[in-house]
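Student: My structure is in entry.txt, and what it holds is compact mmCIF, N, CA and C atoms:
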```txt
# COMPACT_ATOMS: atom_id res chain seq x y z
N MET A 1 149.07 -43.91 76.15
CA MET A 1 149.67 -42.73 75.53
C MET A 1 150.88 -43.11 74.68
N LYS A 2 151.61 -44.13 75.12
CA LYS A 2 152.82 -44.51 74.38
C LYS A 2 152.47 -44.90 72.94
N THR A 3 151.43 -45.69 72.76
CA THR A 3 151.03 -46.12 71.42
C THR A 3 150.56 -44.93 70.59
N ILE A 4 149.76 -44.06 71.20
CA ILE A 4 149.29 -42.87 70.48
C ILE A 4 150.48 -42.02 70.05
N GLN A 5 151.44 -41.83 70.94
CA GLN A 5 152.61 -41.01 70.61
C GLN A 5 153.39 -41.62 69.44
N ILE A 6 153.55 -42.94 69.45
CA ILE A 6 154.27 -43.60 68.35
C ILE A 6 153.50 -43.44 67.05
N MET A 7 152.17 -43.54 67.12
CA MET A 7 151.36 -43.36 65.91
C MET A 7 151.55 -41.96 65.34
N PHE A 8 151.65 -40.96 66.20
CA PHE A 8 151.85 -39.60 65.72
C PHE A 8 153.28 -39.36 65.25
N ASP A 9 154.23 -40.01 65.86
CA ASP A 9 155.60 -39.92 65.34
C ASP A 9 155.64 -40.48 63.92
N HIS A 10 154.91 -41.56 63.71
CA HIS A 10 154.82 -42.14 62.36
C HIS A 10 154.10 -41.17 61.41
N LEU A 11 153.01 -40.56 61.88
CA LEU A 11 152.27 -39.60 61.05
C LEU A 11 153.19 -38.46 60.61
N TYR A 12 153.95 -37.88 61.54
CA TYR A 12 154.85 -36.77 61.19
C TYR A 12 155.87 -37.23 60.15
N TRP A 13 156.45 -38.39 60.36
CA TRP A 13 157.46 -38.96 59.46
C TRP A 13 156.86 -39.21 58.08
N ALA A 14 155.69 -39.85 58.04
CA ALA A 14 155.05 -40.18 56.76
C ALA A 14 154.65 -38.92 56.00
N ASN A 15 154.10 -37.94 56.71
CA ASN A 15 153.75 -36.68 56.06
C ASN A 15 154.99 -36.01 55.47
N GLN A 16 156.07 -36.03 56.21
CA GLN A 16 157.31 -35.40 55.72
C GLN A 16 157.82 -36.12 54.47
N ARG A 17 157.75 -37.43 54.46
CA ARG A 17 158.20 -38.20 53.28
C ARG A 17 157.36 -37.88 52.05
N ILE A 18 156.05 -37.80 52.23
CA ILE A 18 155.17 -37.46 51.10
C ILE A 18 155.43 -36.03 50.66
N LEU A 19 155.58 -35.13 51.60
CA LEU A 19 155.86 -33.73 51.28
C LEU A 19 157.13 -33.61 50.46
N GLU A 20 158.18 -34.29 50.86
CA GLU A 20 159.44 -34.25 50.11
C GLU A 20 159.27 -34.84 48.71
N ALA A 21 158.53 -35.93 48.61
CA ALA A 21 158.30 -36.55 47.30
C ALA A 21 157.53 -35.61 46.38
N LEU A 22 156.48 -34.99 46.91
CA LEU A 22 155.68 -34.08 46.09
C LEU A 22 156.50 -32.87 45.65
N HIS A 23 157.38 -32.44 46.50
CA HIS A 23 158.25 -31.32 46.15
C HIS A 23 159.24 -31.73 45.05
N ASN A 24 159.80 -32.91 45.18
CA ASN A 24 160.83 -33.38 44.24
C ASN A 24 160.29 -33.71 42.85
N VAL A 25 159.03 -34.11 42.77
CA VAL A 25 158.47 -34.50 41.46
C VAL A 25 157.60 -33.42 40.85
N GLU A 26 157.57 -32.26 41.46
CA GLU A 26 156.69 -31.19 40.98
C GLU A 26 155.26 -31.72 40.83
N ALA A 27 154.68 -32.00 41.96
CA ALA A 27 153.36 -32.64 42.05
C ALA A 27 152.28 -31.87 41.29
N ASN A 28 151.30 -32.63 40.84
CA ASN A 28 150.16 -31.99 40.16
C ASN A 28 149.13 -31.50 41.19
N ASP A 29 148.15 -30.76 40.72
CA ASP A 29 147.16 -30.16 41.62
C ASP A 29 146.38 -31.21 42.41
N GLN A 30 146.09 -32.35 41.79
CA GLN A 30 145.31 -33.38 42.48
C GLN A 30 146.11 -34.00 43.62
N GLN A 31 147.39 -34.23 43.42
CA GLN A 31 148.23 -34.78 44.48
C GLN A 31 148.36 -33.79 45.64
N ILE A 32 148.55 -32.53 45.32
CA ILE A 32 148.65 -31.51 46.36
C ILE A 32 147.33 -31.38 47.10
N ARG A 33 146.23 -31.43 46.35
CA ARG A 33 144.91 -31.33 46.98
C ARG A 33 144.68 -32.47 47.97
N LEU A 34 145.08 -33.68 47.60
CA LEU A 34 144.93 -34.82 48.51
C LEU A 34 145.78 -34.63 49.77
N PHE A 35 147.01 -34.16 49.58
CA PHE A 35 147.87 -33.94 50.74
C PHE A 35 147.33 -32.80 51.61
N LEU A 36 146.84 -31.75 50.98
CA LEU A 36 146.23 -30.66 51.76
C LEU A 36 145.00 -31.15 52.52
N HIS A 37 144.28 -32.09 51.96
CA HIS A 37 143.12 -32.65 52.66
C HIS A 37 143.57 -33.32 53.97
N ILE A 38 144.64 -34.09 53.91
CA ILE A 38 145.18 -34.71 55.12
C ILE A 38 145.47 -33.63 56.16
N LEU A 39 146.18 -32.60 55.72
CA LEU A 39 146.61 -31.54 56.63
C LEU A 39 145.44 -30.71 57.15
N CYS A 40 144.48 -30.43 56.29
CA CYS A 40 143.29 -29.68 56.72
C CYS A 40 142.48 -30.49 57.74
N ALA A 41 142.32 -31.78 57.49
CA ALA A 41 141.59 -32.63 58.44
C ALA A 41 142.32 -32.66 59.79
N GLU A 42 143.64 -32.74 59.76
CA GLU A 42 144.41 -32.69 61.01
C GLU A 42 144.13 -31.38 61.75
N GLN A 43 144.05 -30.29 60.99
CA GLN A 43 143.80 -28.98 61.59
C GLN A 43 142.39 -28.92 62.19
N VAL A 44 141.41 -29.47 61.50
CA VAL A 44 140.04 -29.50 62.01
C VAL A 44 139.98 -30.28 63.33
N TRP A 45 140.62 -31.44 63.35
CA TRP A 45 140.58 -32.26 64.56
C TRP A 45 141.31 -31.63 65.73
N ILE A 46 142.43 -30.95 65.50
CA ILE A 46 143.12 -30.31 66.62
C ILE A 46 142.27 -29.18 67.17
N ALA A 47 141.56 -28.47 66.31
CA ALA A 47 140.65 -27.43 66.80
C ALA A 47 139.59 -28.05 67.70
N ARG A 48 138.97 -29.13 67.25
CA ARG A 48 137.94 -29.80 68.04
C ARG A 48 138.50 -30.30 69.36
N LEU A 49 139.68 -30.90 69.32
CA LEU A 49 140.31 -31.40 70.54
C LEU A 49 140.62 -30.28 71.53
N ASN A 50 140.86 -29.10 71.01
CA ASN A 50 141.13 -27.94 71.87
C ASN A 50 139.86 -27.16 72.23
N GLY A 51 138.69 -27.73 71.89
CA GLY A 51 137.42 -27.11 72.26
C GLY A 51 137.05 -25.91 71.42
N LYS A 52 137.65 -25.79 70.24
CA LYS A 52 137.37 -24.65 69.37
C LYS A 52 136.38 -25.03 68.27
N ASP A 53 135.72 -24.03 67.74
CA ASP A 53 134.79 -24.23 66.64
C ASP A 53 135.58 -24.50 65.36
N SER A 54 135.29 -25.59 64.71
CA SER A 54 136.00 -25.95 63.48
C SER A 54 135.15 -25.74 62.23
N SER A 55 133.96 -25.16 62.41
CA SER A 55 133.01 -25.08 61.29
C SER A 55 133.51 -24.21 60.14
N GLN A 56 134.40 -23.29 60.39
CA GLN A 56 134.89 -22.41 59.33
C GLN A 56 136.20 -22.93 58.70
N LEU A 57 136.70 -24.03 59.21
CA LEU A 57 137.94 -24.60 58.66
C LEU A 57 137.61 -25.52 57.50
N PRO A 58 138.36 -25.42 56.41
CA PRO A 58 138.08 -26.29 55.26
C PRO A 58 138.56 -27.72 55.50
N ILE A 59 137.84 -28.66 54.93
CA ILE A 59 138.29 -30.06 54.93
C ILE A 59 139.08 -30.30 53.64
N TRP A 60 138.67 -29.67 52.57
CA TRP A 60 139.36 -29.74 51.28
C TRP A 60 139.79 -28.32 50.92
N SER A 61 140.98 -28.20 50.35
CA SER A 61 141.50 -26.89 50.01
C SER A 61 142.44 -27.00 48.81
N ASP A 62 142.49 -25.95 48.05
CA ASP A 62 143.47 -25.86 46.98
C ASP A 62 144.65 -25.06 47.50
N GLY A 63 145.82 -25.35 46.96
CA GLY A 63 147.01 -24.62 47.40
C GLY A 63 148.23 -25.14 46.67
N ASN A 64 149.37 -24.89 47.27
CA ASN A 64 150.63 -25.30 46.66
C ASN A 64 151.53 -25.95 47.71
N ILE A 65 152.72 -26.32 47.30
CA ILE A 65 153.65 -26.99 48.21
C ILE A 65 153.98 -26.11 49.41
N ALA A 66 154.12 -24.82 49.20
CA ALA A 66 154.42 -23.91 50.31
C ALA A 66 153.31 -23.96 51.36
N ASP A 67 152.06 -24.05 50.91
CA ASP A 67 150.93 -24.17 51.84
C ASP A 67 151.03 -25.48 52.63
N CYS A 68 151.43 -26.54 51.94
CA CYS A 68 151.59 -27.84 52.60
C CYS A 68 152.68 -27.78 53.67
N VAL A 69 153.79 -27.15 53.33
CA VAL A 69 154.90 -27.04 54.28
C VAL A 69 154.44 -26.30 55.53
N LYS A 70 153.78 -25.18 55.34
CA LYS A 70 153.33 -24.35 56.46
C LYS A 70 152.33 -25.10 57.35
N LEU A 71 151.33 -25.71 56.73
CA LEU A 71 150.30 -26.39 57.49
C LEU A 71 150.86 -27.63 58.19
N SER A 72 151.74 -28.35 57.52
CA SER A 72 152.36 -29.53 58.12
C SER A 72 153.14 -29.14 59.37
N LYS A 73 153.89 -28.07 59.28
CA LYS A 73 154.67 -27.60 60.43
C LYS A 73 153.75 -27.18 61.58
N GLN A 74 152.70 -26.43 61.27
CA GLN A 74 151.74 -26.01 62.30
C GLN A 74 151.10 -27.21 62.98
N ASN A 75 150.68 -28.18 62.18
CA ASN A 75 150.01 -29.36 62.73
C ASN A 75 150.94 -30.14 63.63
N THR A 76 152.18 -30.33 63.19
CA THR A 76 153.15 -31.06 64.01
C THR A 76 153.34 -30.36 65.35
N GLU A 77 153.49 -29.06 65.31
CA GLU A 77 153.68 -28.30 66.56
C GLU A 77 152.44 -28.40 67.44
N ASN A 78 151.26 -28.26 66.86
CA ASN A 78 150.02 -28.30 67.65
C ASN A 78 149.76 -29.67 68.26
N TYR A 79 149.96 -30.73 67.49
CA TYR A 79 149.76 -32.07 68.04
C TYR A 79 150.84 -32.44 69.05
N THR A 80 152.06 -32.00 68.83
CA THR A 80 153.14 -32.26 69.79
C THR A 80 152.79 -31.62 71.13
N THR A 81 152.31 -30.39 71.09
CA THR A 81 151.91 -29.71 72.33
C THR A 81 150.76 -30.45 73.00
N LEU A 82 149.74 -30.80 72.24
CA LEU A 82 148.58 -31.50 72.80
C LEU A 82 149.00 -32.82 73.44
N LEU A 83 149.78 -33.61 72.73
CA LEU A 83 150.17 -34.92 73.24
C LEU A 83 151.04 -34.81 74.49
N THR A 84 151.83 -33.77 74.57
CA THR A 84 152.66 -33.54 75.75
C THR A 84 151.80 -33.26 76.98
N GLU A 85 150.67 -32.62 76.76
CA GLU A 85 149.78 -32.22 77.87
C GLU A 85 148.80 -33.32 78.29
N LEU A 86 148.62 -34.35 77.47
CA LEU A 86 147.65 -35.41 77.77
C LEU A 86 148.28 -36.51 78.63
N SER A 87 147.42 -37.11 79.46
CA SER A 87 147.83 -38.29 80.22
C SER A 87 146.99 -39.47 79.76
N ASN A 88 147.33 -40.66 80.22
CA ASN A 88 146.55 -41.85 79.86
C ASN A 88 145.09 -41.69 80.22
N LYS A 89 144.80 -41.13 81.38
CA LYS A 89 143.39 -41.00 81.81
C LYS A 89 142.63 -40.01 80.94
N ASP A 90 143.33 -39.05 80.34
CA ASP A 90 142.67 -38.08 79.46
C ASP A 90 142.13 -38.73 78.19
N LEU A 91 142.74 -39.82 77.77
CA LEU A 91 142.38 -40.45 76.50
C LEU A 91 140.92 -40.93 76.47
N ASP A 92 140.38 -41.26 77.63
CA ASP A 92 139.00 -41.74 77.68
C ASP A 92 137.98 -40.62 77.85
N HIS A 93 138.46 -39.39 78.00
CA HIS A 93 137.56 -38.24 78.11
C HIS A 93 136.80 -38.08 76.79
N VAL A 94 135.50 -37.89 76.90
CA VAL A 94 134.64 -37.73 75.72
C VAL A 94 134.44 -36.24 75.46
N ILE A 95 134.63 -35.87 74.21
CA ILE A 95 134.37 -34.48 73.84
C ILE A 95 133.17 -34.43 72.90
N ILE A 96 132.50 -33.31 72.92
CA ILE A 96 131.35 -33.08 72.05
C ILE A 96 131.76 -32.00 71.05
N TYR A 97 131.50 -32.27 69.79
CA TYR A 97 131.86 -31.33 68.73
C TYR A 97 130.81 -31.43 67.63
N SER A 98 130.81 -30.47 66.74
CA SER A 98 129.92 -30.52 65.59
C SER A 98 130.71 -30.97 64.38
N ASN A 99 130.16 -31.92 63.63
CA ASN A 99 130.83 -32.37 62.43
C ASN A 99 130.65 -31.36 61.31
N SER A 100 131.15 -31.67 60.13
CA SER A 100 131.10 -30.71 59.02
C SER A 100 129.68 -30.42 58.54
N LYS A 101 128.72 -31.25 58.94
CA LYS A 101 127.33 -31.01 58.57
C LYS A 101 126.54 -30.36 59.70
N GLY A 102 127.23 -30.00 60.79
CA GLY A 102 126.58 -29.33 61.91
C GLY A 102 125.97 -30.25 62.94
N LYS A 103 126.11 -31.56 62.76
CA LYS A 103 125.55 -32.52 63.70
C LYS A 103 126.48 -32.67 64.91
N GLN A 104 125.90 -32.66 66.11
CA GLN A 104 126.71 -32.86 67.31
C GLN A 104 127.08 -34.32 67.46
N ILE A 105 128.36 -34.54 67.74
CA ILE A 105 128.92 -35.89 67.87
C ILE A 105 129.71 -35.96 69.16
N LYS A 106 129.79 -37.18 69.74
CA LYS A 106 130.61 -37.43 70.92
C LYS A 106 131.62 -38.52 70.59
N ASN A 107 132.87 -38.27 70.91
CA ASN A 107 133.92 -39.28 70.76
C ASN A 107 134.95 -39.10 71.87
N SER A 108 135.62 -40.19 72.18
CA SER A 108 136.71 -40.08 73.15
C SER A 108 137.93 -39.47 72.46
N ILE A 109 138.77 -38.86 73.25
CA ILE A 109 140.03 -38.31 72.72
C ILE A 109 140.84 -39.43 72.09
N ARG A 110 140.84 -40.62 72.69
CA ARG A 110 141.57 -41.77 72.14
C ARG A 110 141.08 -42.10 70.73
N ASP A 111 139.76 -42.15 70.54
CA ASP A 111 139.22 -42.48 69.22
C ASP A 111 139.56 -41.41 68.20
N ILE A 112 139.49 -40.15 68.60
CA ILE A 112 139.81 -39.07 67.68
C ILE A 112 141.27 -39.12 67.27
N LEU A 113 142.16 -39.28 68.24
CA LEU A 113 143.59 -39.33 67.92
C LEU A 113 143.92 -40.54 67.05
N THR A 114 143.28 -41.67 67.31
CA THR A 114 143.49 -42.85 66.48
C THR A 114 143.02 -42.58 65.06
N HIS A 115 141.87 -41.94 64.93
CA HIS A 115 141.35 -41.59 63.60
C HIS A 115 142.33 -40.68 62.86
N VAL A 116 142.81 -39.65 63.52
CA VAL A 116 143.73 -38.71 62.87
C VAL A 116 144.97 -39.45 62.38
N ALA A 117 145.51 -40.31 63.22
CA ALA A 117 146.72 -41.05 62.85
C ALA A 117 146.49 -41.98 61.66
N LEU A 118 145.31 -42.57 61.57
CA LEU A 118 145.03 -43.53 60.49
C LEU A 118 144.49 -42.87 59.22
N HIS A 119 143.77 -41.77 59.35
CA HIS A 119 143.15 -41.11 58.21
C HIS A 119 144.17 -40.74 57.14
N GLY A 120 145.28 -40.17 57.53
CA GLY A 120 146.29 -39.74 56.57
C GLY A 120 146.89 -40.89 55.80
N GLN A 121 146.98 -42.05 56.42
CA GLN A 121 147.60 -43.20 55.75
C GLN A 121 146.80 -43.57 54.50
N TYR A 122 145.50 -43.50 54.60
CA TYR A 122 144.64 -43.81 53.46
C TYR A 122 144.94 -42.86 52.29
N HIS A 123 144.97 -41.59 52.57
CA HIS A 123 145.18 -40.61 51.50
C HIS A 123 146.63 -40.58 51.00
N ARG A 124 147.59 -40.88 51.86
CA ARG A 124 148.97 -41.01 51.38
C ARG A 124 149.05 -42.17 50.39
N GLY A 125 148.28 -43.22 50.63
CA GLY A 125 148.21 -44.33 49.69
C GLY A 125 147.64 -43.89 48.35
N GLN A 126 146.62 -43.04 48.38
CA GLN A 126 146.07 -42.52 47.13
C GLN A 126 147.12 -41.70 46.37
N ILE A 127 147.86 -40.89 47.09
CA ILE A 127 148.92 -40.10 46.46
C ILE A 127 149.95 -41.03 45.84
N ASN A 128 150.33 -42.06 46.55
CA ASN A 128 151.30 -43.02 46.02
C ASN A 128 150.78 -43.73 44.77
N MET A 129 149.50 -44.03 44.74
CA MET A 129 148.92 -44.64 43.54
C MET A 129 149.03 -43.70 42.35
N GLN A 130 148.80 -42.42 42.59
CA GLN A 130 148.91 -41.43 41.51
C GLN A 130 150.36 -41.28 41.06
N LEU A 131 151.29 -41.32 42.00
CA LEU A 131 152.70 -41.25 41.62
C LEU A 131 153.07 -42.44 40.74
N ARG A 132 152.67 -43.63 41.14
CA ARG A 132 152.98 -44.84 40.36
C ARG A 132 152.36 -44.75 38.96
N ALA A 133 151.12 -44.27 38.89
CA ALA A 133 150.44 -44.13 37.59
C ALA A 133 151.19 -43.16 36.68
N ALA A 134 151.90 -42.22 37.29
CA ALA A 134 152.67 -41.23 36.51
C ALA A 134 154.09 -41.73 36.24
N GLY A 135 154.36 -43.00 36.60
CA GLY A 135 155.68 -43.56 36.35
C GLY A 135 156.72 -43.17 37.38
N ILE A 136 156.27 -42.70 38.53
CA ILE A 136 157.18 -42.28 39.60
C ILE A 136 157.12 -43.31 40.73
N GLU A 137 158.27 -43.66 41.26
CA GLU A 137 158.33 -44.63 42.35
C GLU A 137 157.60 -44.07 43.58
N PRO A 138 156.63 -44.83 44.11
CA PRO A 138 155.92 -44.37 45.31
C PRO A 138 156.86 -44.28 46.51
N VAL A 139 156.43 -43.54 47.51
CA VAL A 139 157.19 -43.35 48.73
C VAL A 139 156.67 -44.31 49.79
N SER A 140 157.54 -45.11 50.36
CA SER A 140 157.09 -46.03 51.40
C SER A 140 156.80 -45.25 52.68
N THR A 141 155.56 -45.35 53.12
CA THR A 141 155.17 -44.73 54.39
C THR A 141 154.67 -45.80 55.36
N ASP A 142 154.99 -47.06 55.07
CA ASP A 142 154.58 -48.14 55.95
C ASP A 142 155.16 -47.98 57.34
N TYR A 143 154.37 -48.34 58.32
CA TYR A 143 154.82 -48.23 59.71
C TYR A 143 156.10 -49.02 59.96
N ILE A 144 156.20 -50.22 59.39
CA ILE A 144 157.36 -51.06 59.65
C ILE A 144 158.63 -50.42 59.14
N VAL A 145 158.54 -49.68 58.03
CA VAL A 145 159.71 -48.96 57.51
C VAL A 145 160.08 -47.85 58.50
N PHE A 146 159.08 -47.16 59.01
CA PHE A 146 159.32 -46.12 60.02
C PHE A 146 159.98 -46.72 61.27
N SER A 147 159.50 -47.88 61.71
CA SER A 147 160.00 -48.45 62.95
C SER A 147 161.44 -48.96 62.84
N ARG A 148 161.90 -49.19 61.61
CA ARG A 148 163.28 -49.63 61.42
C ARG A 148 164.24 -48.50 61.66
```
Would you give me this structure, written as structure tokens?
Tutor:
Amino acid sequence: MKTIQIMFDHLYWANQRILEALHNVEANDQQIRLFLHILCAEQVWIARLNGKDSSQLPIWSDGNIADCVKLSKQNTENYTTLLTELSNKDLDHVIIYSNSKGKQIKNSIRDILTHVALHGQYHRGQINMQLRAAGIEPVSTDYIVFSR
């Protein structure tokens, strides 16, 4: 649990840094869409982890910075609550859920939480590439920077 918690502390920190950067540079629709994808995916996974149907939740969404702020805050609160309630033995519990294509899948809570923590890093990197291409200094979201 300790490692999972640290990974999520990093996720919250990295999301906040990207959110602030996108707000400060008046991000374009594509950058916001990528960030919303991270947040929407987090929302889908928390629903699945809580045994709820996620089939009506979007994986990709259009919106604005205010939508990002709201969803980021909700996700942080929801994952904080979930992680507080989990124990080490819970991490190996397997849950069954339907993916976005309706196929039933089984994964351990540990694998799902690891995926959620790592998935956003990929897309934050894409956002940073777009910022650099626009002549804007990318935001460091590296774990080692967080750990300092």
Student: Could you tell me how far atom C of A:Ile112 sits from atom CA of A:Lys52, in Å to one decimal place?
Tutor: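 Computing the Euclidean distance for atom CA of A:Lys52 and atom C of A:Ile112 yields 15.1 Å.
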Student: Using only N, CA and C atoms, pick whichever of A:Val139, A:His93, A:Gln30, A:Tyr122 has the shortest atom-to-atom distance to A:Ser108.
Tutor: A:His93
Student: What lies within 8 Å of A:Leu39 using only C-alpha atoms, ignoring chain neighbours under 6 positions off, as a PyMOL selection string?
Tutor: chain A and resi 68+71-72+75
Student: Compare A:Phe35, A:Lys103, A:His119, A:Thr3 by their minimum atom-to-atom distance to A:Ile18, counting only C-alpha atoms, and give me the closest one.
Tutor: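 That would be A:Phe35, the residue with the smallest distance to A:Ile18.
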Student: As a list in words, please: all residues of chain A that backbone DSSP puts in strand (DSSP E).
Tutor: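 Filtering chain A down to strand (DSSP E) leaves Val94, Ile95, Ile96, Tyr97, Ser98, Gln104, Ile105, Lys106, Asn107 and Ser108 of chain A.
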Student: Quick one: pick out all alpha helix (DSSP H) residues within stretch 66-139 of chain A from a backbone DSSP run and write them as a PyMOL selection string.
Tutor: chain A and resi 66-85+109-133
Student: So how many Å separate atom N of A:Leu57 and atom C of A:Glu42, to one decimal?
Tutor: 10.8 Å
Student: Mind listing whatever residues come within 8 Å of the point (148.2, -48.8, 58.5)? Use all atoms listed in the file, file coordinates, and give them as an MDAnalysis selection string.
Tutor: chainID A and resid 117:118 121:122 141:143
Student: With only C-alpha atoms as the basis for distance, which of A:Asn64, A:Gln104, A:Ser147, A:Asn88 is at the shortest distance from A:Leu22?
Tutor: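 For A:Leu22, the nearest of the candidates is A:Asn64.
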Student: Kindly compute an axis-aligned box around the listed atoms of stretch 89-99 of chain A, allowing 3 Å on each side, and express its centre and edge lengths in Å to one decimal as JSON.
Tutor:
```
{"center_x": 137.4, "center_y": -36.1, "center_z": 71.6, "size_x": 20.9, "size_y": 17.3, "size_z": 26.5}
```
Student: Could you check which of A:Leu131, A:Ala41, A:Ile96, A:Leu34 is closest to A:Pro58, using all atoms listed in the file?
Tutor: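 Nearest candidate to A:Pro58 out of A:Leu131, A:Ala41, A:Ile96, A:Leu34: A:Ala41.
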Student: Mind giving me the straight-line distance from atom C of A:Val94 to atom CA of A:Gln43 in Å, one decimal?
Tutor: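 Distance between the two atoms: 18.2 Å.
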Student: For each of A:Arg124, A:Gln5, A:His10, A:Tyr97, take the minimum atom-to-atom distance to A:Gly51, counting all atoms listed in the file, then give the residue where this is smallest.
Tutor: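 Residue with the minimum atom-to-atom distance to A:Gly51: A:Tyr97.
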Student: Measuring atom to atom with only N, CA and C atoms, identify which of A:Asp9, A:His115, A:His123, A:Ser98 is nearest to A:Arg48.
Tutor: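 Result for the nearest residue to A:Arg48: A:Ser98.
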Student: Set the distance at 7 Å and use only N, CA and C atoms: which residues neighbour A:Tyr79 once local chain neighbours fewer than 5 positions away are removed? I'd like the list as a ChimeraX atom specification.
Tutor: /A:46,74,84
Student: For stretch 141-148 of chain A, supply all heavy atoms and report the output as a CSV table (one decimal), in the coordinates of the input.
Tutor:
```csv
chain,number,residue,atom,x,y,z
A,141,THR,N,155.6,-45.4,53.1
A,141,THR,CA,155.2,-44.7,54.4
A,141,THR,C,154.7,-45.8,55.4
A,141,THR,O,154.0,-45.5,56.4
A,141,THR,CB,154.1,-43.7,54.2
A,141,THR,OG1,152.9,-44.2,53.6
A,141,THR,CG2,154.6,-42.5,53.3
A,142,ASP,N,155.0,-47.1,55.1
A,142,ASP,CA,154.6,-48.1,56.0
A,142,ASP,C,155.2,-48.0,57.3
A,142,ASP,O,156.3,-47.6,57.5
A,142,ASP,CB,155.0,-49.5,55.4
A,142,ASP,CG,154.3,-49.9,54.2
A,142,ASP,OD1,153.2,-49.4,53.9
A,142,ASP,OD2,154.8,-50.8,53.4
A,143,TYR,N,154.4,-48.3,58.3
A,143,TYR,CA,154.8,-48.2,59.7
A,143,TYR,C,156.1,-49.0,60.0
A,143,TYR,O,157.0,-48.5,60.6
A,143,TYR,CB,153.7,-48.7,60.7
A,143,TYR,CG,154.2,-48.7,62.1
A,143,TYR,CD1,154.3,-47.5,62.8
A,143,TYR,CD2,154.7,-49.8,62.7
A,143,TYR,CE1,154.8,-47.4,64.1
A,143,TYR,CE2,155.2,-49.8,64.0
A,143,TYR,CZ,155.2,-48.6,64.7
A,143,TYR,OH,155.8,-48.6,65.9
A,144,ILE,N,156.2,-50.2,59.4
A,144,ILE,CA,157.4,-51.1,59.6
A,144,ILE,C,158.6,-50.4,59.1
A,144,ILE,O,159.7,-50.5,59.7
A,144,ILE,CB,157.2,-52.5,59.1
A,144,ILE,CG1,158.1,-53.5,59.8
A,144,ILE,CG2,157.3,-52.5,57.6
A,144,ILE,CD1,157.8,-53.7,61.2
A,145,VAL,N,158.5,-49.7,58.0
A,145,VAL,CA,159.7,-49.0,57.5
A,145,VAL,C,160.1,-47.8,58.5
A,145,VAL,O,161.3,-47.7,58.8
A,145,VAL,CB,159.4,-48.4,56.1
A,145,VAL,CG1,160.6,-47.5,55.6
A,145,VAL,CG2,159.1,-49.5,55.1
A,146,PHE,N,159.1,-47.2,59.0
A,146,PHE,CA,159.3,-46.1,60.0
A,146,PHE,C,160.0,-46.7,61.3
A,146,PHE,O,160.9,-46.1,61.8
A,146,PHE,CB,158.0,-45.5,60.4
A,146,PHE,CG,158.0,-44.7,61.7
A,146,PHE,CD1,158.6,-43.5,61.8
A,146,PHE,CD2,157.4,-45.3,62.8
A,146,PHE,CE1,158.6,-42.8,63.0
A,146,PHE,CE2,157.4,-44.6,64.0
A,146,PHE,CZ,158.0,-43.3,64.1
A,147,SER,N,159.5,-47.9,61.7
A,147,SER,CA,160.0,-48.4,63.0
A,147,SER,C,161.4,-49.0,62.8
A,147,SER,O,162.1,-49.1,63.8
A,147,SER,CB,159.1,-49.6,63.4
A,147,SER,OG,159.2,-50.7,62.6
A,148,ARG,N,161.9,-49.2,61.6
A,148,ARG,CA,163.3,-49.6,61.4
A,148,ARG,C,164.2,-48.5,61.7
A,148,ARG,O,165.4,-48.6,61.9
A,148,ARG,CB,163.5,-50.2,60.0
A,148,ARG,CG,162.7,-51.5,59.8
A,148,ARG,CD,162.9,-52.0,58.4
A,148,ARG,NE,162.0,-53.1,58.2
A,148,ARG,CZ,161.5,-53.4,57.0
A,148,ARG,NH1,161.8,-52.7,55.9
A,148,ARG,NH2,160.7,-54.5,56.9
```
